[in-house]
>>> print(open('target36.txt').read())   # compact mmCIF, C-alpha atoms
# COMPACT_ATOMS: atom_id res chain seq x y z
CA MET Y 258 -8.96 -15.70 1.78
CA GLU Y 259 -9.62 -17.03 -1.73
CA ASP Y 260 -7.10 -17.72 -4.45
CA TYR Y 261 -8.41 -15.42 -7.15
CA TRP Y 262 -6.11 -17.02 -9.72
CA GLN Y 263 -8.51 -19.99 -9.65
CA TYR Y 264 -11.19 -17.67 -10.99
CA SER Y 265 -9.49 -15.21 -13.29
CA GLY Y 266 -6.29 -14.32 -15.11
CA GLY Y 267 -4.21 -11.21 -14.83
CA ILE Y 268 -3.20 -8.05 -16.59
CA THR Y 269 0.15 -6.30 -16.48
CA ILE Y 270 0.89 -3.67 -13.87
CA ASP Y 271 1.05 -1.00 -16.57
CA GLU Y 272 -2.40 -2.03 -17.84
CA ALA Y 273 -3.71 -2.12 -14.27
CA LYS Y 274 -2.47 1.43 -13.67
CA VAL Y 275 -4.48 2.60 -16.69
CA VAL Y 276 -7.55 0.72 -15.44
CA ALA Y 277 -7.24 2.16 -11.94
CA ARG Y 278 -6.81 5.67 -13.36
CA ALA Y 279 -9.96 5.22 -15.43
CA HIS Y 280 -11.80 4.63 -12.15
CA GLY Y 281 -10.25 7.72 -10.60
CA PHE Y 282 -7.43 6.14 -8.63
CA ALA Y 283 -3.67 5.80 -8.74
CA LEU Y 284 -2.15 2.33 -8.38
CA GLU Y 285 1.00 1.65 -6.42
CA ILE Y 286 2.99 -1.35 -5.36
CA GLY Y 287 3.25 -1.76 -1.60
CA ARG Y 288 3.35 -4.41 1.12
CA VAL Y 289 -0.35 -4.98 1.79
CA SER Y 290 -3.01 -5.00 -0.92
CA ARG Y 291 -5.77 -2.57 -0.05
CA PHE Y 292 -7.31 0.74 -0.96
CA ASP Y 293 -5.47 3.56 0.74
CA ASN Y 294 -6.95 7.05 1.00
CA ALA Y 295 -3.63 8.78 0.37
CA ARG Y 296 -2.17 6.44 -2.25
CA GLY Y 297 -5.16 4.87 -3.99
CA VAL Y 298 -5.13 1.23 -5.05
CA VAL Y 299 -2.21 -0.53 -3.37
CA ILE Y 300 -1.13 -3.97 -4.52
CA ALA Y 301 1.29 -6.05 -2.48
CA ARG Y 302 4.26 -7.23 -4.45
CA ALA Y 303 3.63 -10.69 -2.97
CA ASP Y 304 0.21 -10.76 -4.66
CA LEU Y 305 1.70 -10.41 -8.15
CA GLN Y 306 2.54 -13.31 -10.41
CA GLY Y 307 5.59 -11.94 -12.16
CA ASP Y 308 4.32 -8.75 -13.76
CA LEU Y 309 0.70 -9.88 -13.66
CA LEU Y 310 -1.98 -8.62 -11.33
CA ASN Y 311 -5.10 -10.72 -10.93
CA LYS Y 312 -8.16 -8.99 -12.38
CA LEU Y 313 -10.44 -9.92 -9.48
CA LEU Y 314 -7.97 -8.53 -6.96
CA LEU Y 315 -7.75 -5.31 -8.98
CA ALA Y 316 -11.55 -5.09 -9.16
CA GLU Y 317 -11.81 -5.71 -5.41
CA GLU Y 318 -9.37 -2.94 -4.48
CA ILE Y 319 -11.01 -0.49 -6.90
CA GLN Y 320 -14.39 -1.34 -5.39
CA HIS Y 321 -12.98 -0.73 -1.89
CA GLY Y 322 -12.04 2.72 -3.16
CA LEU Y 323 -15.49 3.33 -4.63
CA ASP Y 324 -17.03 2.09 -1.37
CA ARG Y 325 -15.18 4.65 0.76
CA ALA Y 326 -17.80 7.33 0.14
CA ARG Y 327 -20.49 5.12 1.64
CA ALA Y 328 -18.21 3.68 4.35
CA GLU Y 329 -19.27 0.18 3.32
CA ALA Y 330 -16.61 -1.55 5.41
CA SER Y 331 -17.44 0.37 8.58
CA GLN Y 332 -21.11 -0.41 8.00
CA ALA Y 333 -20.23 -4.09 7.48
CA LEU Y 334 -18.37 -4.15 10.80
CA LEU Y 335 -21.34 -2.55 12.53
CA ARG Y 336 -23.66 -5.07 10.88
CA GLY Y 337 -21.46 -7.89 12.14
CA LEU Y 338 -20.78 -9.31 8.68
CA SER Y 339 -18.23 -12.07 8.34
CA LEU Y 340 -15.30 -11.55 5.97
CA GLU Y 341 -17.01 -13.86 3.47
CA GLU Y 342 -20.30 -11.98 3.62
CA PHE Y 343 -18.46 -8.68 3.25
CA HIS Y 344 -16.65 -9.91 0.15
CA ALA Y 345 -19.76 -11.53 -1.32
CA GLU Y 346 -21.56 -8.19 -1.12
CA LEU Y 347 -18.52 -6.37 -2.49
CA PHE Y 348 -18.35 -8.62 -5.55
CA GLU Y 349 -22.09 -8.17 -6.07
CA ARG Y 350 -21.43 -4.44 -6.24
CA ILE Y 351 -18.67 -5.09 -8.77
CA LEU Y 352 -21.09 -7.00 -11.02
CA LEU Y 353 -23.63 -4.21 -10.65
CA GLY Y 354 -20.95 -1.64 -11.48
CA ARG Y 355 -19.98 -3.64 -14.57
CA GLU Y 356 -23.59 -3.55 -15.74
CA GLN Y 357 -23.45 0.22 -15.27
CA GLY Y 358 -20.32 0.57 -17.41
CA ARG Y 359 -17.50 0.31 -14.92
CA PHE Y 360 -14.98 -2.56 -14.72
CA ARG Y 361 -14.80 -2.85 -18.52
CA PHE Y 362 -11.61 -4.88 -18.09
CA LEU Y 363 -13.68 -7.77 -16.74
CA THR Y 364 -14.78 -10.10 -19.53
CA ASP Y 365 -18.01 -12.12 -19.61
CA ASN Y 366 -15.95 -15.10 -18.43
CA ASP Y 367 -14.67 -13.03 -15.50
CA ALA Y 368 -18.26 -12.07 -14.64
CA GLN Y 369 -19.24 -15.73 -14.61
CA ALA Y 370 -16.24 -16.48 -12.40
CA ILE Y 371 -17.29 -13.73 -10.01
CA LYS Y 372 -20.78 -15.24 -9.80
CA ALA Y 373 -19.20 -18.58 -8.88
CA LEU Y 374 -17.02 -16.86 -6.30
CA ILE Y 375 -20.02 -15.09 -4.77
CA GLN Y 376 -21.85 -18.40 -4.49
CA ARG Y 377 -18.85 -19.96 -2.82
CA LEU Y 378 -18.51 -17.04 -0.39
CA TRP Y 379 -22.18 -17.19 0.59
CA SER Y 380 -21.90 -20.95 1.09
CA LYS Y 381 -19.11 -20.55 3.67
CA LYS Y 382 -20.28 -17.33 5.23
CA ARG Y 383 -20.03 -18.43 8.86
CA MET Z 817 25.49 15.42 1.45
CA ARG Z 818 25.48 11.66 0.82
CA ILE Z 819 23.40 9.43 3.09
CA GLU Z 820 23.62 5.66 3.11
CA VAL Z 821 21.05 3.37 4.70
CA VAL Z 822 21.77 -0.33 4.81
CA GLN Z 823 19.26 -3.14 4.77
CA GLU Z 824 19.61 -4.90 8.10
CA LEU Z 825 18.15 -8.09 9.50
CA ASP Z 826 14.92 -7.80 11.46
CA GLU Z 827 14.14 -9.58 14.72
CA LEU Z 828 13.24 -12.73 12.77
CA GLY Z 829 16.54 -12.68 10.91
CA GLU Z 830 14.88 -11.65 7.65
CA ARG Z 831 15.99 -8.71 5.54
CA GLU Z 832 14.19 -5.44 6.16
CA GLN Z 833 12.25 -4.00 3.25
CA PHE Z 834 12.83 -0.63 1.65
CA THR Z 835 9.35 0.70 0.96
CA TRP Z 836 7.01 3.65 1.26
CA ASP Z 837 4.41 1.27 2.71
CA LEU Z 838 4.89 1.31 6.47
CA PHE Z 839 1.36 0.04 7.17
CA PRO Z 840 0.05 -0.14 9.84
CA ILE Z 841 2.52 1.91 11.90
CA VAL Z 842 2.96 5.03 9.78
CA GLU Z 843 0.09 6.71 7.97
CA SER Z 844 0.70 6.69 4.24
CA SER Z 845 -0.06 10.41 4.02
CA LYS Z 846 3.36 10.89 5.64
CA THR Z 847 5.11 8.88 2.96
CA LEU Z 848 3.80 10.51 -0.20
CA HIS Z 849 7.28 11.79 -1.09
CA LEU Z 850 8.66 8.22 -1.16
CA ASP Z 851 8.67 5.85 -4.12
CA GLU Z 852 7.97 2.11 -4.00
CA ASN Z 853 11.53 1.44 -2.82
CA GLY Z 854 11.14 3.86 0.06
CA LEU Z 855 13.36 6.44 -1.63
CA PRO Z 856 12.53 10.15 -1.68
CA LYS Z 857 11.67 11.55 -5.08
CA ALA Z 858 14.23 13.87 -6.68
CA GLY Z 859 13.44 17.52 -6.04
CA THR Z 860 11.64 16.86 -2.77
CA TYR Z 861 12.53 18.99 0.24
CA VAL Z 862 13.03 16.65 3.18
CA GLY Z 863 12.61 18.58 6.41
CA PRO Z 864 13.11 17.62 10.06
CA GLY Z 865 10.75 14.84 11.10
CA MET Z 866 10.18 13.63 7.54
CA ILE Z 867 11.26 10.19 6.38
CA VAL Z 868 14.44 10.22 4.30
CA VAL Z 869 14.37 6.49 3.54
CA GLY Z 870 11.40 4.23 4.31
CA LYS Z 871 12.27 0.84 5.77
CA ILE Z 872 10.37 -1.74 7.80
CA GLY Z 873 11.01 -5.12 9.40
CA LYS Z 874 9.18 -7.75 11.38
CA THR Z 875 9.47 -8.05 15.15
CA ALA Z 876 9.50 -11.13 17.36
CA LYS Z 877 5.76 -10.56 17.81
CA TRP Z 878 5.13 -11.34 14.14
CA ASN Z 879 2.22 -13.74 13.72
CA PRO Z 880 1.25 -14.67 10.16
CA SER Z 881 -2.10 -16.05 11.29
CA SER Z 882 -3.08 -12.79 12.95
CA GLN Z 883 -3.05 -10.22 10.17
CA PRO Z 884 -5.64 -7.49 9.60
CA SER Z 885 -8.47 -8.62 7.34
CA ALA Z 886 -9.78 -6.51 4.46
CA LEU Z 887 -12.80 -5.76 6.60
CA GLU Z 888 -10.61 -4.33 9.36
CA ILE Z 889 -8.27 -2.52 6.97
CA HIS Z 890 -11.12 -0.72 5.26
CA GLY Z 891 -13.46 -0.37 8.21
CA SER Z 892 -11.13 0.63 11.05
CA HIS Z 893 -9.24 3.81 11.80
CA SER Z 894 -5.45 3.83 11.43
CA PRO Z 895 -4.68 4.25 15.17
CA GLU Z 896 -6.86 1.23 15.93
CA LEU Z 897 -5.04 -0.91 13.36
CA ASN Z 898 -1.71 0.30 14.69
CA ARG Z 899 -2.71 -0.53 18.27
CA LYS Z 900 -3.88 -4.01 17.29
CA TYR Z 901 -1.25 -5.04 14.76
CA GLY Z 902 1.57 -2.49 14.94
CA ALA Z 903 3.69 -4.46 17.40
CA MET Z 904 4.40 -7.03 14.70
CA TRP Z 905 6.36 -4.43 12.73
CA LYS Z 906 9.22 -2.09 13.43
CA ASP Z 907 9.60 1.15 11.53
CA SER Z 908 13.32 1.31 10.87
CA SER Z 909 13.12 4.27 8.51
CA LEU Z 910 15.67 7.06 8.59
CA TYR Z 911 14.08 10.31 9.71
CA ALA Z 912 15.44 13.74 8.90
CA THR Z 913 16.82 15.94 11.66
CA GLU Z 914 17.81 19.63 11.82
CA SER Z 915 21.26 18.70 10.55
CA LEU Z 916 20.06 16.09 8.09
CA CYS Z 917 17.67 17.82 5.76
CA GLY Z 918 17.67 19.32 2.30
CA ILE Z 919 16.57 18.88 -1.28
CA VAL Z 920 16.87 15.41 -2.78
CA GLU Z 921 19.20 15.47 -5.76
CA ARG Z 922 19.40 11.74 -6.37
CA ALA Z 923 18.25 8.58 -4.59
CA TYR Z 924 18.87 4.99 -5.60
CA LEU Z 925 19.39 1.45 -4.35
CA GLU Z 926 22.70 -0.33 -4.62
CA ASP Z 927 23.05 -4.09 -4.47
CA THR Z 928 25.91 -5.09 -2.17
CA PRO Z 929 27.08 -8.53 -1.00
CA SER Z 930 25.49 -7.86 2.38
CA GLY Z 931 22.16 -6.69 0.97
CA LEU Z 932 20.63 -3.58 -0.50
CA LYS Z 933 21.86 -0.14 0.37
CA ALA Z 934 19.84 3.04 -0.14
CA ILE Z 935 21.80 6.09 -1.16
CA VAL Z 936 20.34 9.57 -0.99
CA GLU Z 937 22.18 12.65 -2.16
CA LEU Z 938 20.85 15.78 -0.50
CA LYS Z 939 21.59 19.39 -1.23
CA PRO Z 940 21.72 20.79 2.30
CA VAL Z 941 19.13 23.44 3.04
CA PRO Z 942 18.88 24.72 6.58
CA ALA Z 943 15.60 24.00 8.31
CA SER Z 944 13.42 27.07 8.60
CA ALA Z 945 12.44 28.57 11.93
CA ASP Z 946 9.38 26.36 12.24
CA GLY Z 947 11.53 23.41 11.31
CA ALA Z 948 9.46 22.11 8.46
CA THR Z 949 8.55 24.77 5.94
CA MET Z 950 9.55 23.89 2.41
CA PRO Z 951 11.80 26.53 0.84
CA ALA Z 952 10.09 28.35 -2.00
CA ALA Z 953 12.63 27.14 -4.53
CA ALA Z 954 12.22 23.48 -3.59
CA ALA Z 955 8.91 22.50 -5.12
CA PRO Z 956 8.92 18.79 -5.98
CA ARG Z 957 9.50 18.02 -9.65
>>> encode(input="target36.txt", output="structure tokens")
Amino acid sequence: MEDYWQYSGGITIDEAKVVARAHGFALEIGRVSRFDNARGVVIARADLQGDLLNKLLLAEEIQHGLDRARAEASQALLRGLSLEEFHAELFERILLGREQGRFRFLTDNDAQAIKALIQRLWSKKR
Amino acid sequence: MRIEVVQELDELGEREQFTWDLFPIVESSKTLHLDENGLPKAGTYVGPGMIVVGKIGKTAKWNPSSQPSALEIHGSHSPELNRKYGAMWKDSSLYATESLCGIVERAYLEDTPSGLKAIVELKPVPASADGATMPAAAAPR
């Protein structure tokens, strides 16, 4: 959907595993990036740049995991949200979570980049 | 018992992938004993019906512009995703049978001129009466 590398840099897979664990999830390499109930955060090998995993992608998949309890995606489908609206709201929750002490791996620059991404997503929501 | 699984070409002529991740056709809860290369972890008891080596390839119905979105992946149930997108993939994993089961002693990939080859060394353990019960002495390491 969006090339997150335009917005943020990456961290190594080993660092990302530590970050994911700090949020309560395992991290595994698979074929399709997503949050998986059985496996935790799954990152597609094709989404890596060498050994680096984009920080926004990591934050997104962790947030998908945190959102499971409230079935945010199912609610979004029921509400008829577009993919852009769904992601804009998701990244807003990431910023809120950062203010509450989660996502410590996101720097102030990353937070600014996320705000720019949210604006872009809202601008092309339909 | 030594088992070899070769990486073949899929319906598009591309190499199949060894992986635990058989999304969206196999639920990942059934692949928890496999590592990222689709190989069973040492010490695991592989019983009839379980995957010995995870492998997947594309079918002729593959359509790169029709992939599940994050909204669908996280908001839909697995059977629904499988019904909608599963035909684009073929699960070419090796499944254990009554005569092909046991405790994994070693599993690794070998690079050959014709592609990767998965090798699994199993210590044969007969399947129990219900066909799937893990022997007491075979707890995963």
>>> atom_distance(input="target36.txt", atom1="atom CA of Glu852 of chain Z", atom2="atom CA of Asp837 of chain Z")
7.6 Å
>>> atom_distance(input="target36.txt", atom1="atom CA of Phe343 of chain Y", atom2="atom CA of Asp271 of chain Y")
28.9 Å
>>> residues_around(input="target36.txt", residues="segment 894-906 of chain Z", least_positions_apart="6", cutoff="9 Å", atoms="only C-alpha atoms", output="number ranges by chain")
Z: 826, 838-843, 871-879, 882-884, 888
>>> closest_residue(input="target36.txt", among="Y:Gly266, Y:Glu318, Y:Glu272, Y:Asn294", to="Leu848 of chain Z", atoms="all atoms listed in the file")
Y:Asn294
>>> closest_residue(input="target36.txt", among="Y:Ile270, Y:Ala326, Y:Ala370, Y:Ala279", to="Val299 of chain Y", atoms="all atoms listed in the file")
Y:Ile270
>>> atom_distance(input="target36.txt", atom1="atom CA of Leu374 of chain Y", atom2="atom CA of Asp293 of chain Y")
24.5 Å
>>> closest_atom_pairs(input="target36.txt", of="chain Z", to="chain Y", cutoff="6 Å", atoms="all atoms listed in the file", output="JSON lines")
{"residue": "Z:Asp837", "atom": "CA", "partner": "Y:Gly287", "partner_atom": "CA", "distance": 5.4}
{"residue": "Z:Ser845", "atom": "CA", "partner": "Y:Ala295", "partner_atom": "CA", "distance": 5.4}
{"residue": "Z:Leu887", "atom": "CA", "partner": "Y:Ala330", "partner_atom": "CA", "distance": 5.8}
{"residue": "Z:His890", "atom": "CA", "partner": "Y:Ala330", "partner_atom": "CA", "distance": 5.6}
{"residue": "Z:Gly891", "atom": "CA", "partner": "Y:Ser331", "partner_atom": "CA", "distance": 4.1}
>>> closest_residue(input="target36.txt", among="Y:Asp365, Y:Asp260, Y:Glu342, Y:Asp308", to="Ser380 of chain Y", atoms="only C-alpha atoms")
Y:Glu342
>>> residues_near_point(input="target36.txt", point="(15.3, 21.2, 5.2)", cutoff="6 Å", atoms="only C-alpha atoms", output="number ranges by chain")
Z: 862-863, 917-918, 941-943
>>> residues_near_point(input="target36.txt", point="(-12.7, -5.1, -12.6)", cutoff="10 Å", atoms="only C-alpha atoms", output="ChimeraX atom specification")
/Y:273,276-277,280,311-320,348,351-352,354-355,359-364,367-368
>>> closest_residue(input="target36.txt", among="Y:Ile371, Y:Leu323, Y:Leu305, Y:Leu310", to="Phe282 of chain Y", atoms="all atoms listed in the file")
Y:Leu323
